[in-house]
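Novice: Provided below: final38.cif, containing mmCIF, C-alpha atoms.
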```
data_input
loop_
_atom_site.label_atom_id
_atom_site.label_comp_id
_atom_site.auth_asym_id
_atom_site.auth_seq_id
_atom_site.Cartn_x
_atom_site.Cartn_y
_atom_site.Cartn_z
CA MET V 179 -51.38 -63.64 -26.75
CA LYS V 180 -47.78 -63.66 -27.88
CA PHE V 181 -47.42 -60.09 -26.61
CA LEU V 182 -48.55 -61.09 -23.10
CA LEU V 183 -46.16 -64.03 -23.05
CA LEU V 184 -43.33 -61.75 -24.16
CA LEU V 185 -44.19 -59.22 -21.45
CA MET V 186 -44.23 -61.94 -18.79
CA CYS V 187 -40.89 -63.23 -19.95
CA LEU V 188 -39.41 -59.74 -19.78
CA CYS V 189 -40.73 -59.26 -16.22
CA LEU V 190 -39.32 -62.62 -15.14
CA THR V 191 -36.01 -61.68 -16.71
CA ASP V 192 -35.94 -58.35 -14.83
CA ASP V 193 -36.74 -60.12 -11.56
CA ALA V 194 -33.98 -62.65 -12.16
CA ASN V 195 -31.42 -59.99 -13.02
CA SER V 196 -32.28 -57.60 -10.16
CA GLN V 197 -29.95 -57.45 -7.21
CA LEU V 198 -30.82 -56.54 -3.62
CA ILE V 199 -28.25 -54.03 -2.46
CA CYS V 200 -27.70 -52.75 1.09
CA SER V 201 -25.03 -50.41 2.37
CA HIS V 202 -21.65 -52.08 2.76
CA GLN V 203 -20.63 -49.52 5.38
CA PRO V 204 -21.91 -49.93 8.94
CA ILE V 205 -24.66 -47.51 9.98
CA THR V 206 -23.62 -45.67 13.14
CA ALA V 207 -26.15 -43.96 15.40
CA LEU V 208 -26.50 -42.70 18.96
CA ALA V 209 -28.99 -44.16 21.39
CA GLY V 210 -32.31 -42.37 21.01
CA ASP V 211 -31.82 -41.45 17.37
CA ASP V 212 -33.94 -42.60 14.42
CA VAL V 213 -32.06 -44.53 11.72
CA ILE V 214 -32.80 -45.85 8.23
CA LEU V 215 -31.25 -49.11 7.08
CA GLN V 216 -30.85 -48.42 3.36
CA CYS V 217 -31.67 -51.29 0.97
CA HIS V 218 -32.96 -51.30 -2.63
CA LEU V 219 -33.32 -53.38 -5.83
CA GLU V 220 -31.15 -52.67 -8.85
CA PRO V 221 -32.43 -52.37 -11.56
CA PRO V 222 -35.60 -51.06 -9.92
CA ILE V 223 -38.79 -53.14 -9.91
CA SER V 224 -41.97 -52.82 -7.88
CA VAL V 225 -42.18 -55.05 -4.79
CA SER V 226 -45.41 -53.61 -3.36
CA ASP V 227 -47.07 -57.05 -3.55
CA GLU V 228 -44.04 -58.97 -2.32
CA THR V 229 -43.26 -60.25 1.16
CA VAL V 230 -40.42 -58.27 2.72
CA GLU V 231 -38.58 -59.69 5.71
CA TRP V 232 -36.19 -57.84 7.98
CA THR V 233 -34.53 -60.13 10.54
CA ARG V 234 -31.73 -60.41 13.08
CA PRO V 235 -30.50 -64.03 13.16
CA ASP V 236 -29.11 -63.60 16.70
CA LEU V 237 -32.57 -62.87 18.17
CA ASP V 238 -35.52 -65.09 18.96
CA PRO V 239 -37.92 -64.40 17.41
CA LYS V 240 -35.69 -63.14 14.65
CA TYR V 241 -38.23 -61.01 12.77
CA ILE V 242 -37.76 -57.26 13.15
CA HIS V 243 -40.32 -56.31 10.50
CA PHE V 244 -42.44 -58.83 8.59
CA HIS V 245 -44.32 -57.18 5.71
CA GLN V 246 -46.95 -59.27 3.91
CA ASP V 247 -50.07 -58.46 1.93
CA GLY V 248 -49.35 -54.76 2.21
CA ARG V 249 -49.09 -54.60 6.02
CA LEU V 250 -46.93 -55.38 9.03
CA MET V 251 -47.53 -58.77 10.61
CA PHE V 252 -47.20 -58.06 14.35
CA ASP V 253 -47.51 -61.72 15.30
CA HIS V 254 -44.07 -62.40 13.86
CA GLN V 255 -42.31 -59.33 15.22
CA ASN V 256 -39.79 -59.39 18.06
CA PRO V 257 -41.41 -57.58 21.04
CA SER V 258 -38.41 -55.26 21.58
CA TYR V 259 -39.15 -53.62 18.20
CA TYR V 260 -42.88 -53.20 18.74
CA LEU V 261 -44.10 -49.92 17.15
CA ARG V 262 -40.50 -48.93 16.37
CA THR V 263 -40.17 -50.03 12.72
CA ARG V 264 -41.72 -49.15 9.38
CA LEU V 265 -41.21 -49.54 5.62
CA PHE V 266 -41.76 -46.81 3.05
CA MET V 267 -44.96 -47.86 1.30
CA ASP V 268 -44.46 -45.48 -1.63
CA GLY V 269 -40.91 -46.69 -1.96
CA LEU V 270 -41.94 -50.34 -2.40
CA MET V 271 -43.26 -49.42 -5.85
CA LYS V 272 -39.87 -47.94 -6.76
CA ARG V 273 -37.44 -50.64 -5.58
CA ASN V 274 -36.93 -49.14 -2.06
CA VAL V 275 -37.19 -51.75 0.72
CA SER V 276 -35.36 -49.71 3.38
CA MET V 277 -36.47 -50.00 7.00
CA LYS V 278 -36.64 -47.19 9.57
CA ILE V 279 -36.07 -47.89 13.26
CA PHE V 280 -37.26 -45.28 15.75
CA LYS V 281 -35.38 -44.39 18.94
CA VAL V 282 -32.65 -46.98 18.60
CA LYS V 283 -31.18 -48.60 21.69
CA VAL V 284 -27.71 -49.88 22.40
CA SER V 285 -29.24 -53.38 22.29
CA ASP V 286 -30.25 -52.73 18.65
CA THR V 287 -26.61 -53.09 17.62
CA GLY V 288 -26.16 -56.06 15.27
CA ARG V 289 -26.37 -57.33 11.70
CA TYR V 290 -29.74 -57.06 9.96
CA GLN V 291 -30.83 -59.10 6.93
CA CYS V 292 -33.34 -58.00 4.32
CA ALA V 293 -34.96 -60.74 2.25
CA LEU V 294 -37.48 -61.03 -0.61
CA PRO V 295 -38.36 -64.79 -0.44
CA SER V 296 -40.37 -64.95 -3.67
CA LEU V 297 -37.49 -63.40 -5.60
CA GLN V 298 -34.84 -65.29 -3.68
CA LYS V 299 -33.03 -62.04 -2.91
CA GLU V 300 -31.17 -61.35 0.30
CA ALA V 301 -28.68 -58.77 1.63
CA SER V 302 -27.39 -57.63 5.03
CA ILE V 303 -26.36 -54.43 6.78
CA GLN V 304 -24.60 -53.67 10.08
CA LEU V 305 -26.00 -51.25 12.69
CA ILE V 306 -23.86 -49.85 15.50
CA VAL V 307 -25.57 -47.92 18.30
CA ALA V 308 -23.38 -45.95 20.68
CA GLN V 309 -24.52 -44.38 23.93
CA SER V 310 -23.94 -40.82 25.05
CA ASP V 311 -22.93 -40.04 28.61
CA VAL V 312 -23.76 -36.90 30.57
CA ILE V 313 -20.53 -35.05 31.35
CA GLY V 314 -20.33 -32.38 34.05
CA SER V 315 -17.18 -30.56 35.18
CA ASP V 316 -14.28 -31.75 37.34
CA LYS V 317 -13.27 -28.16 38.11
CA PRO V 318 -15.49 -25.94 40.28
CA VAL V 319 -17.06 -22.84 38.78
CA THR V 320 -16.01 -19.78 40.85
CA VAL V 321 -17.87 -16.47 40.66
CA THR V 322 -18.47 -13.39 42.82
CA VAL V 323 -21.81 -12.40 44.32
CA GLY V 324 -23.87 -10.58 41.68
CA ASP V 325 -22.10 -12.15 38.70
CA ASN V 326 -23.58 -14.57 36.15
CA ALA V 327 -22.44 -18.19 36.10
CA ILE V 328 -22.56 -20.91 33.43
CA LEU V 329 -22.59 -24.45 34.82
CA PRO V 330 -21.17 -26.60 31.97
CA CYS V 331 -22.80 -29.92 31.09
CA HIS V 332 -22.92 -31.78 27.76
CA LEU V 333 -23.41 -35.16 26.07
CA GLU V 334 -20.36 -37.10 24.90
CA PRO V 335 -20.45 -38.10 22.11
CA PRO V 336 -22.80 -35.24 21.12
CA SER V 337 -26.47 -36.16 20.80
CA ASP V 338 -29.62 -34.20 20.00
CA MET V 339 -31.26 -33.40 23.33
CA ARG V 340 -34.16 -31.27 22.13
CA THR V 341 -36.76 -33.98 22.77
CA GLN V 342 -35.23 -35.19 26.03
CA THR V 343 -36.19 -34.01 29.50
CA VAL V 344 -33.28 -32.22 31.19
CA GLU V 345 -33.44 -31.52 34.92
CA TRP V 346 -31.15 -29.28 36.98
CA LYS V 347 -31.13 -29.69 40.75
CA HIS V 348 -29.29 -28.15 43.68
CA ASN V 349 -28.14 -30.77 46.15
CA VAL V 350 -29.29 -28.68 49.13
CA ILE V 351 -32.07 -26.44 47.90
CA LYS V 352 -35.27 -28.32 47.02
CA PRO V 353 -37.12 -28.69 44.71
CA SER V 354 -35.49 -28.45 41.26
CA CYS V 355 -33.68 -25.47 39.77
CA MET V 356 -35.07 -25.99 36.28
CA SER V 357 -36.62 -28.56 33.93
CA THR V 358 -36.83 -28.32 30.13
CA ARG V 359 -38.09 -30.42 27.23
CA ASN V 360 -38.93 -29.81 23.56
CA ARG V 361 -37.55 -26.25 23.80
CA LYS V 362 -39.97 -25.43 26.61
CA ASP V 363 -39.03 -24.65 30.20
CA TYR V 364 -41.16 -26.15 32.97
CA LEU V 365 -40.94 -23.87 36.01
CA ASP V 366 -43.94 -24.99 38.05
CA LEU V 367 -41.76 -26.94 40.47
CA GLN V 368 -38.88 -24.49 40.47
CA ASP V 369 -37.60 -23.27 43.83
CA GLU V 370 -38.34 -19.60 44.49
CA ASN V 371 -34.64 -18.93 45.07
CA PHE V 372 -33.99 -19.59 41.35
CA ARG V 373 -37.15 -17.99 39.97
CA GLY V 374 -36.35 -15.81 36.95
CA ARG V 375 -32.61 -16.51 37.12
CA THR V 376 -32.14 -19.74 35.15
CA SER V 377 -32.01 -20.58 31.45
CA VAL V 378 -30.53 -23.14 29.05
CA PHE V 379 -29.11 -22.75 25.56
CA HIS V 380 -31.97 -24.21 23.48
CA GLU V 381 -30.22 -23.57 20.16
CA GLU V 382 -27.21 -25.59 21.38
CA MET V 383 -29.14 -28.62 22.62
CA ILE V 384 -29.09 -30.19 19.14
CA ARG V 385 -25.33 -30.58 19.70
CA GLY V 386 -25.71 -32.00 23.19
CA ASN V 387 -25.08 -28.78 25.14
CA ILE V 388 -27.35 -28.79 28.22
CA SER V 389 -25.44 -26.21 30.30
CA LEU V 390 -27.30 -24.00 32.78
CA LYS V 391 -26.96 -20.22 33.00
CA LEU V 392 -27.55 -18.73 36.45
CA THR V 393 -27.79 -14.93 36.69
CA ASN V 394 -27.22 -12.57 39.63
CA VAL V 395 -25.57 -15.25 41.76
CA THR V 396 -26.09 -15.15 45.54
CA GLU V 397 -24.17 -16.82 48.35
CA LEU V 398 -27.10 -19.23 48.79
CA ASP V 399 -26.41 -20.62 45.29
CA ALA V 400 -23.07 -22.09 46.37
CA GLY V 401 -22.91 -25.87 46.41
CA SER V 402 -23.18 -28.89 44.14
CA PHE V 403 -25.53 -29.00 41.14
CA THR V 404 -26.75 -32.11 39.31
CA CYS V 405 -27.64 -32.22 35.61
CA ASN V 406 -29.94 -35.18 34.98
CA VAL V 407 -31.39 -36.70 31.79
CA PRO V 408 -33.73 -39.35 33.28
CA LYS V 409 -34.77 -41.08 30.06
CA LEU V 410 -31.34 -41.15 28.42
CA GLN V 411 -30.36 -44.63 27.26
CA SER V 412 -27.02 -44.59 28.98
CA GLN V 413 -25.32 -45.80 32.11
CA VAL V 414 -24.30 -42.21 32.90
CA ARG V 415 -27.39 -40.01 33.07
CA ARG V 416 -26.11 -37.45 35.56
CA GLY V 417 -23.36 -34.86 35.59
CA PHE V 418 -22.10 -32.93 38.64
CA ILE V 419 -20.83 -29.36 38.90
CA ASN V 420 -19.66 -27.46 42.00
CA LEU V 421 -20.34 -23.73 42.28
CA THR V 422 -18.16 -21.57 44.55
CA VAL V 423 -19.48 -18.07 45.36
CA GLU V 424 -17.09 -15.49 46.78
CA PRO V 425 -18.25 -12.35 48.67
CA GLU V 426 -18.24 -9.07 46.78
CA GLU V 427 -15.46 -7.67 49.02
CA SER V 428 -13.03 -10.15 47.45
CA ARG V 429 -12.97 -8.11 44.22
CA ASN V 430 -10.53 -5.56 45.78
CA LYS V 431 -8.70 -7.90 48.14
CA GLY V 432 -5.67 -8.10 45.88
CA GLY V 433 -5.10 -4.28 46.11
CA GLN V 434 -4.94 -4.02 49.94
CA THR V 435 -1.60 -2.86 51.46
CA ASP V 436 -2.21 -3.85 55.09
CA ASP V 437 -2.45 -7.57 54.48
CA ILE V 438 -1.17 -9.35 57.58
CA ASP V 439 0.51 -11.93 55.42
CA GLY V 440 2.40 -9.29 53.46
CA ASP V 441 0.69 -10.18 50.22
CA THR V 442 0.90 -7.20 47.89
CA GLY V 443 -1.44 -8.67 45.35
CA LEU V 444 1.19 -8.01 42.63
CA SER V 445 2.71 -10.57 40.36
CA PRO V 446 6.51 -11.17 40.40
CA GLY V 447 6.76 -9.52 36.98
CA ALA V 448 5.03 -6.37 38.22
CA ILE V 449 7.30 -6.17 41.27
CA THR V 450 10.43 -6.50 39.08
CA GLY V 451 9.16 -3.75 36.77
CA ILE V 452 8.58 -1.36 39.68
CA ALA V 453 12.08 -2.02 41.07
CA ILE V 454 13.69 -1.30 37.69
CA GLY V 455 11.68 1.92 37.42
CA VAL V 456 12.83 3.14 40.84
CA ILE V 457 16.50 2.44 40.01
CA ALA V 458 16.15 4.32 36.71
CA VAL V 459 14.73 7.38 38.50
CA ILE V 460 17.58 7.38 41.04
CA VAL V 461 20.21 7.20 38.27
CA ALA V 462 18.53 10.01 36.33
CA VAL V 463 18.46 12.28 39.40
CA ALA V 464 22.15 11.60 40.11
CA VAL V 465 23.17 12.46 36.52
CA LEU V 466 21.09 15.66 36.61
CA MET V 467 22.66 16.81 39.89
CA LYS V 468 26.16 16.13 38.55
CA ARG V 469 25.51 18.21 35.41
CA ARG V 470 24.13 21.08 37.48
CA LYS V 471 27.28 21.11 39.66
CA ILE V 472 29.57 21.31 36.62
CA THR V 473 27.58 24.23 35.19
CA THR V 474 27.74 26.15 38.48
CA ASP V 475 31.50 25.72 38.77
CA CYS V 476 32.05 27.07 35.27
CA ALA V 477 29.97 30.20 35.94
CA ARG V 478 31.67 31.06 39.30
CA PRO V 479 34.44 33.86 39.07
CA ASN V 480 38.08 32.90 39.61
CA THR V 481 39.13 33.85 43.12
CA THR V 482 42.58 32.31 43.16
CA GLY V 483 45.93 33.92 42.53
CA ARG V 484 48.70 32.94 40.21
CA ASN V 485 50.10 30.50 42.71
CA GLY V 486 46.72 29.07 43.48
CA GLN V 487 46.38 31.01 46.73
CA ASN V 488 43.01 32.38 47.75
CA ARG V 489 42.70 36.15 47.34
CA LYS V 490 40.38 36.23 50.31
CA GLY V 491 43.08 37.12 52.81
CA SER V 492 43.48 39.80 55.32
CA GLU V 493 42.80 43.45 54.50
CA LYS V 494 46.55 44.04 54.39
CA ASP V 495 47.03 41.52 51.62
CA ASN V 496 44.24 43.09 49.62
CA ALA V 497 45.76 46.54 50.01
CA GLU V 498 49.18 45.40 48.84
CA GLY V 499 47.62 43.86 45.82
CA ASN V 500 45.87 47.11 44.93
CA ILE V 501 49.14 49.14 45.25
CA GLY V 502 50.94 46.76 42.92
CA GLU V 503 48.26 47.07 40.30
CA TYR V 504 48.43 50.94 40.57
CA ARG V 505 52.23 51.03 40.05
CA TYR V 506 51.96 48.78 37.04
CA ALA V 507 49.37 51.09 35.49
CA GLN V 508 51.61 54.15 36.00
CA PHE V 509 54.51 52.35 34.38
CA LYS V 510 52.50 51.54 31.32
CA LYS V 511 51.26 55.11 31.05
CA ARG V 512 54.80 56.49 31.25
CA GLN V 513 56.02 54.06 28.65
CA LEU V 514 53.35 55.16 26.18
CA SER V 515 54.32 58.83 26.66
CA LEU V 516 57.97 58.14 25.79
CA ASP V 517 56.94 56.37 22.66
CA ASP V 518 54.89 59.36 21.50
CA ASN V 519 57.81 61.78 22.04
CA ALA V 520 60.15 59.66 20.12
#
```
Give the structure from the file, written as structure tokens.
Specialist:
Amino acid sequence: MKFLLLLMCLCLTDDANSQLICSHQPITALAGDDVILQCHLEPPISVSDETVEWTRPDLDPKYIHFHQDGRLMFDHQNPSYYLRTRLFMDGLMKRNVSMKIFKVKVSDTGRYQCALPSLQKEASIQLIVAQSDVIGSDKPVTVTVGDNAILPCHLEPPSDMRTQTVEWKHNVIKPSCMSTRNRKDYLDLQDENFRGRTSVFHEEMIRGNISLKLTNVTELDAGSFTCNVPKLQSQVRRGFINLTVEPEESRNKGGQTDDIDGDTGLSPGAITGIAIGVIAVIVAVAVLMKRRKITTDCARPNTTGRNGQNRKGSEKDNAEGNIGEYRYAQFKKRQLSLDDNA
């Protein structure tokens, strides 16, 4: 008997000393996400038989989740949270009184209170729910016929879109270009013009990337596209992207030389480079010609006389020159003979 009384006293002491602790930091989530509002008893004690109340004082009725006798009491619950909350039944035996809210809304933002009335324990936690907007592109996407195009569209701030329905539509061509959900593409209502040419980046949708890839673009694809997330909890569920498709002939337009506008298709830097190259060639040719002239002049025989007069005179002048050379040779020969006799 004394042992039972001692055990009861110890249990009452543990209950009195336990504290209900919730996160002091606000819990931030995006609309459509699932969140857990963390709350537990320290030191741990079982509360599986206790009444657990989660409330929002600013609502009427204020009860978000009313747990009693091992089950949720729906009669007390605020209708906006119907079938969106739960406690962890196994956790109640191990101090955990956290509550999970499924698919939170922007209207779920507020301060939540967790209470254990029989233990006179209470704590609060703040939840902030932000909304993601669908963002298209302000700049048009320009491609040439036959190319592939990526029409950019994403969620800002990023949000997991794998469970959301994403629809792509052309503002002229009906019906839709593409529809996808849960990593599966629904093409039953797809226009024949886009059949077999559209895809999304399923592995990127967890980060909010819902861009569309369009292959083998045709001129009929040109126009405005709409990216729509119909069940997104946001004021901006649509993004818009313009696609411009140029004819295939435009690939070589920049290289034409008979452009009536005189457009060479060359950048200013390229034109400057060509001009410098032409000048360099002209200078090199001039230097080469000058060197060749000097070499030729050096190799040409001297045809001028002692006084600088041209030897190309009349036949008489040439004859006189030859006689003078002959007399000089005879003089030298005679002089050598005298030297030998001496």
Novice: Just say which residues the PyMOL selection byres ((chain V and resi 418) around 7) picks in this file, as a list in words.
Specialist: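 Evaluating the PyMOL selection byres ((chain V and resi 418) around 7) on these coordinates yields Gly314, Ser315, Ser402, Phe403, Thr404, Cys405, Arg416, Gly417, Ile419 and Asn420 of chain V.
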Novice: To one decimal in Å, tell me the separation between atom CA of Ala400 of chain V and atom CA of Phe379 of chain V.
Specialist: 21.7 Å
Novice: Please enumerate the residues selected by the PyMOL selection byres ((chain V and resi 310) around 12) when evaluated against the supplied file, formatted as a PyMOL selection string.
Specialist: chain V and resi 207-211+283-284+307-309+311-313+332-339+385-386+407+409-416
Novice: Give me the residues near Lys362 of chain V as an MDAnalysis selection string, where near means some atom within 12 Å (using all atoms listed in the file) and where sequence neighbours in that chain fewer than 2 positions away do not count.
Specialist: chainID V and resid 340:344 356:360 364:365 377:381 383
Novice: Would you mind listing what lies within 9 Å of Gln197 of chain V as a list of chain:residue names, with all atoms listed in the file counted and same-chain residues fewer than 6 positions away left out?
Specialist: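 Here the qualifying residues turn out to be V:His218, V:Leu219, V:Glu220, V:Pro221, V:Pro222, V:Lys299, V:Glu300.
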Novice: Find the distance between atom CA of Val213 of chain V and atom CA of Met277 of chain V and write it in Å to one decimal.
Specialist: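 Result for atom CA of Val213 of chain V versus atom CA of Met277 of chain V: 8.5 Å, one decimal.
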Novice: If you take all atoms listed in the file and a cut-off of 9 Å, which residues of segment 282-327 of chain V touch segment 232-237 of chain V, and what are their nearest atom pairs and distances in Å to one decimal, in chain and number order, as a tab-separated table?
Specialist:
```
residue	atom	partner	partner_atom	distance
V:Gly288	CA	V:Arg234	CA	7.4
V:Arg289	CA	V:Arg234	CA	6.3
V:Tyr290	CA	V:Arg234	CA	5.0
V:Gln291	CA	V:Thr233	CA	5.3
V:Cys292	CA	V:Trp232	CA	4.6
V:Ala293	CA	V:Trp232	CA	6.5
```
Novice: Edge lengths and centre in Å to one decimal, as lines of an AutoDock Vina configuration file, of the axis-aligned box that encloses all listed atoms of segment 248-266 of chain V with 4 Å added on every side?
Specialist:
```
center_x = -43.9
center_y = -54.6
center_z = 11.9
size_x = 18.9
size_y = 23.6
size_z = 27.4
```
Novice: If the PyMOL selection byres ((chain V and resi 390-397) around 6) were run on this exact file, what residues would it hold? Put them as a VMD selection string.
Specialist: chain V and resid 323 to 329 375 to 378 389 398 to 400 423
Novice: Could you state the separation of atom CA of Glu424 of chain V and atom CA of Lys317 of chain V in Å, given to one decimal place?
Specialist: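 Computing it gives 15.8 Å between the two atoms.
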Novice: Of the candidates V:Ile306, V:Ile388, V:Leu270, V:Lys347, which one gets nearest to Asp369 of chain V if we count all atoms listed in the file?
Specialist: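 Nearest candidate to Asp369 of chain V out of V:Ile306, V:Ile388, V:Leu270, V:Lys347: V:Lys347.
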Novice: How about completing segment 238-251 of chain V with N, CA, C and O atoms and giving it to me as a PDB file, in the frame of the given file?
Specialist:
```pdb
ATOM      1  N   ASP V 238     -34.427 -64.120  19.016  1.00  0.00           N
ATOM      2  CA  ASP V 238     -35.520 -65.090  18.960  1.00  0.00           C
ATOM      3  C   ASP V 238     -36.764 -64.467  19.620  1.00  0.00           C
ATOM      4  O   ASP V 238     -36.745 -64.212  20.829  1.00  0.00           O
ATOM      5  N   PRO V 239     -37.815 -64.174  18.861  1.00  0.00           N
ATOM      6  CA  PRO V 239     -37.920 -64.400  17.410  1.00  0.00           C
ATOM      7  C   PRO V 239     -37.021 -63.448  16.632  1.00  0.00           C
ATOM      8  O   PRO V 239     -36.694 -62.365  17.094  1.00  0.00           O
ATOM      9  N   LYS V 240     -36.678 -63.872  15.443  1.00  0.00           N
ATOM     10  CA  LYS V 240     -35.690 -63.140  14.650  1.00  0.00           C
ATOM     11  C   LYS V 240     -36.293 -62.010  13.828  1.00  0.00           C
ATOM     12  O   LYS V 240     -35.554 -61.160  13.329  1.00  0.00           O
ATOM     13  N   TYR V 241     -37.617 -61.979  13.673  1.00  0.00           N
ATOM     14  CA  TYR V 241     -38.230 -61.010  12.770  1.00  0.00           C
ATOM     15  C   TYR V 241     -38.299 -59.616  13.428  1.00  0.00           C
ATOM     16  O   TYR V 241     -38.883 -59.431  14.496  1.00  0.00           O
ATOM     17  N   ILE V 242     -37.710 -58.656  12.708  1.00  0.00           N
ATOM     18  CA  ILE V 242     -37.760 -57.260  13.150  1.00  0.00           C
ATOM     19  C   ILE V 242     -38.949 -56.566  12.494  1.00  0.00           C
ATOM     20  O   ILE V 242     -39.652 -55.787  13.138  1.00  0.00           O
ATOM     21  N   HIS V 243     -39.157 -56.849  11.217  1.00  0.00           N
ATOM     22  CA  HIS V 243     -40.320 -56.310  10.500  1.00  0.00           C
ATOM     23  C   HIS V 243     -40.709 -57.344   9.433  1.00  0.00           C
ATOM     24  O   HIS V 243     -39.911 -57.650   8.553  1.00  0.00           O
ATOM     25  N   PHE V 244     -41.939 -57.824   9.538  1.00  0.00           N
ATOM     26  CA  PHE V 244     -42.440 -58.830   8.590  1.00  0.00           C
ATOM     27  C   PHE V 244     -43.600 -58.210   7.831  1.00  0.00           C
ATOM     28  O   PHE V 244     -44.708 -58.049   8.352  1.00  0.00           O
ATOM     29  N   HIS V 245     -43.334 -57.862   6.554  1.00  0.00           N
ATOM     30  CA  HIS V 245     -44.320 -57.180   5.710  1.00  0.00           C
ATOM     31  C   HIS V 245     -44.919 -58.187   4.733  1.00  0.00           C
ATOM     32  O   HIS V 245     -44.212 -58.794   3.940  1.00  0.00           O
ATOM     33  N   GLN V 246     -46.245 -58.331   4.792  1.00  0.00           N
ATOM     34  CA  GLN V 246     -46.950 -59.270   3.910  1.00  0.00           C
ATOM     35  C   GLN V 246     -48.347 -58.744   3.626  1.00  0.00           C
ATOM     36  O   GLN V 246     -49.005 -58.200   4.508  1.00  0.00           O
ATOM     37  N   ASP V 247     -48.749 -58.922   2.352  1.00  0.00           N
ATOM     38  CA  ASP V 247     -50.070 -58.460   1.930  1.00  0.00           C
ATOM     39  C   ASP V 247     -50.289 -56.977   2.241  1.00  0.00           C
ATOM     40  O   ASP V 247     -51.386 -56.544   2.629  1.00  0.00           O
ATOM     41  N   GLY V 248     -49.234 -56.206   2.072  1.00  0.00           N
ATOM     42  CA  GLY V 248     -49.350 -54.760   2.210  1.00  0.00           C
ATOM     43  C   GLY V 248     -49.390 -54.249   3.640  1.00  0.00           C
ATOM     44  O   GLY V 248     -49.700 -53.069   3.866  1.00  0.00           O
ATOM     45  N   ARG V 249     -49.063 -55.077   4.639  1.00  0.00           N
ATOM     46  CA  ARG V 249     -49.090 -54.600   6.020  1.00  0.00           C
ATOM     47  C   ARG V 249     -48.088 -55.346   6.883  1.00  0.00           C
ATOM     48  O   ARG V 249     -47.573 -56.399   6.489  1.00  0.00           O
ATOM     49  N   LEU V 250     -47.857 -54.779   8.074  1.00  0.00           N
ATOM     50  CA  LEU V 250     -46.930 -55.380   9.030  1.00  0.00           C
ATOM     51  C   LEU V 250     -47.631 -56.493   9.792  1.00  0.00           C
ATOM     52  O   LEU V 250     -48.734 -56.295  10.329  1.00  0.00           O
ATOM     53  N   MET V 251     -46.995 -57.634   9.877  1.00  0.00           N
ATOM     54  CA  MET V 251     -47.530 -58.770  10.610  1.00  0.00           C
ATOM     55  C   MET V 251     -46.931 -58.755  12.025  1.00  0.00           C
ATOM     56  O   MET V 251     -45.824 -59.201  12.261  1.00  0.00           O
TER      57      MET V 251
END
```
